[in-house]
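Asker: This is the content of structure.txt (compact mmCIF, C-alpha atoms):
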# COMPACT_ATOMS: atom_id res chain seq x y z
CA MET A 1 -0.15 3.52 28.02
CA GLU A 2 -1.46 1.08 25.39
CA ASN A 3 -2.36 4.00 23.09
CA LEU A 4 1.06 5.59 23.61
CA LYS A 5 2.84 2.35 22.74
CA PHE A 6 0.77 2.10 19.57
CA VAL A 7 1.57 5.68 18.53
CA LEU A 8 5.29 5.16 19.13
CA ALA A 9 5.21 1.90 17.17
CA CYS A 10 3.48 3.70 14.29
CA ILE A 11 6.08 6.48 14.24
CA ALA A 12 9.00 4.04 14.38
CA THR A 13 7.53 1.86 11.64
CA ILE A 14 6.82 4.82 9.33
CA ALA A 15 10.38 6.11 9.83
CA ALA A 16 11.83 2.65 9.10
CA ILE A 17 9.77 2.29 5.91
CA PHE A 18 10.85 5.68 4.59
CA ALA A 19 14.48 4.89 5.43
CA ALA A 20 14.23 1.59 3.55
CA ALA A 21 12.57 3.32 0.57
CA TRP A 22 15.30 5.99 0.50
CA LEU A 23 18.11 3.41 0.64
CA ALA A 24 16.48 1.33 -2.08
CA GLU A 25 16.07 4.37 -4.30
CA LYS A 26 19.65 5.46 -3.73
CA PHE A 27 21.38 2.14 -4.32
CA LEU A 28 19.02 -0.03 -6.38
CA VAL A 29 17.02 2.29 -8.63
CA LYS A 30 18.84 2.73 -11.94
CA ASP A 31 16.47 5.13 -13.72
CA ARG A 32 15.98 7.91 -11.19
CA LYS A 33 14.44 10.96 -12.81
CA LYS A 34 15.85 14.44 -12.30
CA LEU A 35 12.62 16.29 -11.67
CA SER A 36 12.00 19.52 -9.82
CA ASP A 37 10.79 19.33 -6.23
CA THR A 38 7.55 21.03 -7.27
CA HIS A 39 6.88 18.46 -10.00
CA TYR A 40 7.75 15.58 -7.66
CA MET A 41 5.56 16.78 -4.79
CA THR A 42 2.66 17.79 -7.05
CA TYR A 43 2.40 14.44 -8.78
CA THR A 44 2.83 12.56 -5.50
CA ALA A 45 0.02 14.60 -3.94
CA VAL A 46 -2.27 14.05 -6.94
CA PHE A 47 -1.80 10.28 -6.93
CA ALA A 48 -2.14 10.17 -3.12
CA THR A 49 -5.40 12.13 -3.23
CA LEU A 50 -6.83 9.79 -5.86
CA ALA A 51 -5.78 6.85 -3.69
CA GLY A 52 -7.35 8.41 -0.59
CA VAL A 53 -10.68 8.79 -2.40
CA LEU A 54 -10.51 5.22 -3.70
CA MET A 55 -9.81 4.05 -0.17
CA LEU A 56 -13.33 5.16 0.76
CA VAL A 57 -14.81 2.57 -1.62
CA GLU A 58 -14.57 -0.73 0.23
CA ILE A 59 -15.61 -4.07 -1.27
CA PRO A 60 -16.59 -6.88 1.13
CA LEU A 61 -15.47 -10.42 0.38
CA PHE A 62 -17.61 -13.47 0.97
CA PHE A 63 -14.80 -15.49 2.56
CA ALA A 64 -13.66 -12.88 5.11
CA PRO A 65 -15.21 -11.17 8.16
CA SER A 66 -16.79 -7.75 7.60
CA PHE A 67 -13.75 -5.82 8.89
CA TYR A 68 -11.69 -7.15 5.95
CA LYS A 69 -12.70 -5.21 2.85
CA ILE A 70 -10.76 -4.67 -0.34
CA ASP A 71 -10.12 -1.19 -1.68
CA LEU A 72 -8.30 -0.29 -4.87
CA SER A 73 -6.29 2.58 -3.43
CA GLU A 74 -3.00 0.85 -4.26
CA ILE A 75 -3.59 1.45 -7.99
CA PRO A 76 -2.71 5.20 -7.98
CA VAL A 77 0.08 4.50 -5.47
CA LEU A 78 1.62 1.84 -7.71
CA ILE A 79 1.44 4.17 -10.71
CA CYS A 80 3.07 6.88 -8.59
CA THR A 81 5.90 4.65 -7.43
CA PHE A 82 6.49 3.26 -10.94
CA TYR A 83 6.70 6.84 -12.19
CA LEU A 84 8.62 8.57 -9.39
CA GLY A 85 10.27 5.84 -7.33
CA PRO A 86 10.00 4.08 -3.94
CA VAL A 87 10.13 7.19 -1.73
CA ALA A 88 7.23 8.75 -3.62
CA GLY A 89 5.34 5.47 -3.22
CA ALA A 90 5.83 5.45 0.55
CA ALA A 91 4.81 9.12 0.72
CA ALA A 92 1.70 8.45 -1.38
CA GLU A 93 0.75 5.53 0.90
CA LEU A 94 1.02 7.75 3.98
CA LEU A 95 -0.80 10.68 2.38
CA LYS A 96 -3.64 8.52 1.07
CA VAL A 97 -4.35 7.23 4.59
CA THR A 98 -4.25 10.82 5.85
CA VAL A 99 -6.75 11.89 3.17
CA LYS A 100 -9.05 9.01 4.09
CA LEU A 101 -8.86 9.88 7.80
CA LEU A 102 -9.63 13.56 7.10
CA ILE A 103 -12.68 12.64 5.03
CA LYS A 104 -14.06 9.64 6.92
CA GLY A 105 -12.12 9.20 10.15
CA THR A 106 -11.37 5.77 11.59
CA SER A 107 -13.63 2.89 12.56
CA THR A 108 -10.84 0.58 13.74
CA ALA A 109 -9.08 2.68 16.42
CA PHE A 110 -6.49 3.56 13.72
CA VAL A 111 -5.25 -0.04 13.64
CA GLY A 112 -6.81 -0.72 10.24
CA ASP A 113 -5.43 2.53 8.84
CA PHE A 114 -1.94 1.73 10.11
CA ALA A 115 -2.26 -1.76 8.66
CA ASN A 116 -3.31 -0.37 5.29
CA PHE A 117 -0.18 1.80 5.17
CA VAL A 118 2.28 -0.88 6.28
CA VAL A 119 0.85 -3.75 4.25
CA GLY A 120 0.38 -1.45 1.26
CA CYS A 121 4.07 -0.51 1.43
CA SER A 122 5.01 -4.20 1.58
CA PHE A 123 3.29 -4.49 -1.80
CA VAL A 124 4.22 -1.34 -3.71
CA LEU A 125 7.83 -0.90 -2.57
CA PRO A 126 9.18 -4.32 -3.67
CA ALA A 127 7.26 -3.94 -6.95
CA SER A 128 8.75 -0.49 -7.48
CA VAL A 129 12.32 -1.47 -6.62
CA TYR A 130 12.30 -4.44 -8.98
CA TYR A 131 10.74 -2.39 -11.79
CA HIS A 132 13.20 0.50 -11.46
CA ALA A 133 16.17 -1.85 -11.19
CA ARG A 134 15.18 -3.50 -14.50
CA PRO A 135 12.85 -1.06 -16.30
CA GLY A 136 10.37 -2.67 -18.69
CA LYS A 137 6.87 -4.16 -18.97
CA LYS A 138 8.04 -7.64 -18.00
CA SER A 139 9.78 -6.23 -14.92
CA ALA A 140 6.59 -4.42 -13.93
CA LEU A 141 4.67 -7.71 -14.01
CA ILE A 142 7.38 -9.59 -12.14
CA GLY A 143 7.68 -6.76 -9.62
CA MET A 144 3.95 -6.79 -8.90
CA ALA A 145 4.02 -10.58 -8.56
CA ILE A 146 6.88 -10.26 -6.06
CA GLY A 147 4.98 -7.50 -4.25
CA THR A 148 1.84 -9.65 -4.08
CA LEU A 149 3.80 -12.57 -2.63
CA ILE A 150 5.56 -10.39 -0.05
CA MET A 151 2.31 -8.65 0.90
CA THR A 152 0.58 -12.00 1.35
CA VAL A 153 3.31 -13.48 3.55
CA PHE A 154 4.11 -10.33 5.51
CA GLY A 155 0.51 -9.12 5.78
CA SER A 156 -0.66 -12.48 7.09
CA ALA A 157 2.12 -12.73 9.68
CA PHE A 158 1.65 -9.07 10.66
CA ASN A 159 -2.06 -9.65 11.24
CA ALA A 160 -1.48 -12.74 13.37
CA VAL A 161 1.37 -11.42 15.49
CA TYR A 162 0.52 -7.74 15.91
CA LEU A 163 -2.55 -6.27 14.22
CA LEU A 164 -5.30 -8.58 15.48
CA PRO A 165 -4.08 -8.56 19.12
CA LYS A 166 -3.59 -4.78 18.96
CA PHE A 167 -7.06 -4.27 17.48
CA ALA A 168 -8.54 -6.39 20.28
CA ALA A 169 -6.66 -4.38 22.92
CA LEU A 170 -7.39 -0.88 21.58
CA PHE A 171 -10.95 -1.57 20.49
CA GLY A 172 -11.81 -3.40 23.69
CA MET A 173 -13.01 -6.51 21.85
CA PRO A 174 -12.08 -10.01 23.05
CA MET A 175 -10.09 -12.03 20.54
CA GLU A 176 -12.75 -14.72 20.78
CA ALA A 177 -15.32 -12.26 19.44
CA ILE A 178 -13.09 -11.38 16.48
CA ILE A 179 -12.57 -15.06 15.70
CA GLY A 180 -16.31 -15.59 16.07
CA MET A 181 -16.95 -13.05 13.30
CA GLY A 182 -14.77 -15.22 11.08
CA THR A 183 -16.54 -18.41 12.16
CA LYS A 184 -19.86 -16.96 10.98
CA VAL A 185 -18.40 -16.60 7.50
CA ASN A 186 -16.38 -19.83 7.44
CA SER A 187 -16.90 -22.63 9.96
CA HIS A 188 -13.25 -23.64 9.54
CA ILE A 189 -12.16 -20.39 11.20
CA THR A 190 -11.79 -21.30 14.87
CA SER A 191 -8.53 -19.60 15.90
CA VAL A 192 -6.19 -16.76 14.97
CA SER A 193 -4.14 -19.07 12.75
CA THR A 194 -7.18 -20.33 10.83
CA LEU A 195 -8.52 -16.77 10.54
CA VAL A 196 -5.26 -15.77 8.90
CA LEU A 197 -5.13 -18.90 6.72
CA PHE A 198 -8.70 -18.80 5.42
CA ALA A 199 -9.33 -15.03 5.38
CA VAL A 200 -6.16 -12.92 5.43
CA VAL A 201 -4.09 -14.98 2.99
CA PRO A 202 -6.73 -15.14 0.23
CA PHE A 203 -7.66 -11.50 0.93
CA ASN A 204 -4.11 -10.32 0.20
CA LEU A 205 -3.77 -12.61 -2.82
CA VAL A 206 -7.01 -11.37 -4.37
CA LYS A 207 -6.11 -7.75 -3.70
CA GLY A 208 -2.63 -8.14 -5.15
CA VAL A 209 -3.83 -9.84 -8.33
CA VAL A 210 -6.70 -7.41 -8.96
CA VAL A 211 -4.64 -4.29 -8.26
CA SER A 212 -1.72 -5.58 -10.34
CA ALA A 213 -3.89 -6.37 -13.35
CA ILE A 214 -5.64 -2.99 -13.34
CA THR A 215 -2.40 -1.10 -12.72
CA PHE A 216 -0.65 -2.85 -15.59
CA LEU A 217 -3.46 -1.99 -18.01
CA LEU A 218 -3.63 1.63 -16.85
CA TYR A 219 0.09 2.33 -16.59
CA LYS A 220 0.69 1.24 -20.19
CA ARG A 221 -1.62 4.08 -21.25
CA ILE A 222 -0.66 6.67 -18.66
CA SER A 223 3.13 6.23 -18.78
CA PRO A 224 3.65 7.75 -22.27
CA ILE A 225 1.67 10.83 -21.21
CA LEU A 226 3.72 11.26 -18.03
CA HIS A 227 7.05 10.80 -19.79
CA LYS A 228 6.02 13.12 -22.61
CA ALA A 229 5.30 15.81 -20.02
CA ASP A 230 8.74 15.18 -18.49
CA SER A 231 10.41 15.61 -21.88
CA GLY A 232 8.56 18.85 -22.52
CA LYS A 233 9.61 20.30 -19.20
CA ALA A 234 13.21 19.23 -19.76
CA ARG A 235 13.30 20.96 -23.16
CA ARG A 236 11.82 24.14 -21.69
CA ALA A 237 14.40 24.07 -18.89
CA GLU A 238 17.23 23.68 -21.41
CA GLY A 239 15.85 26.59 -23.44
CA LYS A 240 15.92 28.85 -20.41
CA GLU A 241 19.54 27.94 -19.78
Take the structure in the file and write it out as structure tokens.

Answerer:
Amino acid sequence: MENLKFVLACIATIAAIFAAAWLAEKFLVKDRKKLSDTHYMTYTAVFATLAGVLMLVEIPLFFAPSFYKIDLSEIPVLICTFYLGPVAGAAAELLKVTVKLLIKGTSTAFVGDFANFVVGCSFVLPASVYYHARPGKKSALIGMAIGTLIMTVFGSAFNAVYLLPKFAALFGMPMEAIIGMGTKVNSHITSVSTLVLFAVVPFNLVKGVVVSAITFLLYKRISPILHKADSGKARRAEGKE
């Protein structure tokens, strides 16, 4: 029953995120590209695959328990959502987790993988919506700052209220044991709230800043190539007409 509830919660959450991404793209995005379905799906799949591979490379942090590790998989997803829009970003987030599960499987009873998708979307979707509503380099930076702030607040609350209790229930590990793993790293961690304050909050902040900085540097170089390819395809399409 506990597993069934978790699966249903995952399905409902994924559906809600895609609905929100679709609504944002329809009503807030001002620079939607008219690309073929093949082009759209191909580029989304490519960025998602790169993200799934990057998700396998996990970097431990000295201030957090061992089950909190940073990966840089949001970089290709951010580039994808800046290029194609919020729906593509949500799709890339979901596909990247699927790629990672196919290659490596799960070590957290799928809770960590679900968390990666949901918290990742709380980062890339606000960044994408702001950027596409006001296209430009400054908007990209502001969007990623907004995304980092939302991810930090939402991700921390989500961990405290849902993810940590659900991980304890599905993995069969007492909450005291999870908190104890944090205490070994930081003696100030003695409860769920202090675990979130001293581990989850700085974890999300560090991830957001690092991913944003690298994405900004990369996208400045990749964007002209992507848009040049778009222009070439548009000219070829017009020639056929």

Asker: Which neighbours of Val206 in chain A fall inside 12 Å, counting all atoms listed in the file, when residues of the same chain fewer than 2 positions from it are skipped, and could you give them as a list in words?

Answerer: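 The contact residues come out as Ile59, Pro60, Leu61, Phe63, Ala64, Lys69, Ile70, Asp71, Leu72, Ala145, Thr148, Leu149, Met151, Thr152, Ala199, Val200, Val201, Pro202, Phe203, Asn204, Gly208, Val209, Val210, Val211, Ser212 and Ala213 of chain A.
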
Asker: Please provide as a VMD selection string all residues within 12 Å of Ala20 in chain A, with the sequence filter that same-chain residues fewer than 5 positions apart are discarded (counting only C-alpha atoms).

Answerer: chain A and resid 13 to 15 25 to 28 86 to 87 89 to 90 121 to 122 125 to 126 129

Asker: Write out as number ranges by chain the residues lying within 12 Å of Val99 in chain A, counting all atoms listed in the file and excluding same-chain residues fewer than 6 positions away.

Answerer: A: 45-56, 73, 92-93, 105-106, 113

Asker: From the options A:Pro165, A:Gly172, A:Gly120, A:Pro76, which residue's atoms come nearest to Leu218 in chain A, counting only C-alpha atoms?

Answerer: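 Answer, going by the shortest atom-to-atom distance: A:Pro76.
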
Asker: Which distance in Å separates CA of Val119 in chain A and CA of Leu101 in chain A, to one decimal?

Answerer: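 The value is 17.1 Å.
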
Asker: Please compute the CA of Ile214 in chain A-CA of Phe110 in chain A distance, one decimal, in Å.

Answerer: 27.9 Å

Asker: Tell me, in Å to one decimal, how far CA of Pro135 in chain A is from CA of Val97 in chain A.

Answerer: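 Calculated distance between CA of Pro135 in chain A and CA of Val97 in chain A is 28.3 Å.
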
Asker: Name the residues in contact with Gly85 in chain A at a cut-off of 12 Å, using all atoms listed in the file, excluding same-chain residues fewer than 6 positions from it; report them as a PyMOL selection string.

Answerer: chain A and resi 18+21-26+28-35+40+43-44+77-79+91-92+124-133+135

Asker: So that I can see what lies close to Ala168 in chain A, please list as a PyMOL selection string the residues with an atom at most 12 Å from it, counting all atoms listed in the file and leaving out residues fewer than 3 positions away in the same chain.

Answerer: chain A and resi 2+108-109+111-112+159-160+162-165+171-179+192

Asker: Looking at only C-alpha atoms, which of A:Phe198, A:Lys5, A:Ile222, A:Leu170 is the one that sits closest to Asn186 in chain A?

Answerer: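 Smallest distance to Asn186 in chain A is found for A:Phe198.
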
Asker: Which centre and which edge lengths, in Å to one decimal, describe the axis-aligned box that holds all listed atoms of range 212-228 of chain A after 4 Å is added on each side, as JSON?

Answerer:
{"center_x": 0.7, "center_y": 3.4, "center_z": -16.5, "size_x": 20.7, "size_y": 27.5, "size_z": 20.3}

Asker: Restricting the calculation to all atoms listed in the file, which member of A:Phe123, A:Leu217, A:Lys228, A:Asn116 is positioned closest to Gly147 in chain A?

Answerer: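 That would be A:Phe123, the residue with the smallest distance to Gly147 in chain A.
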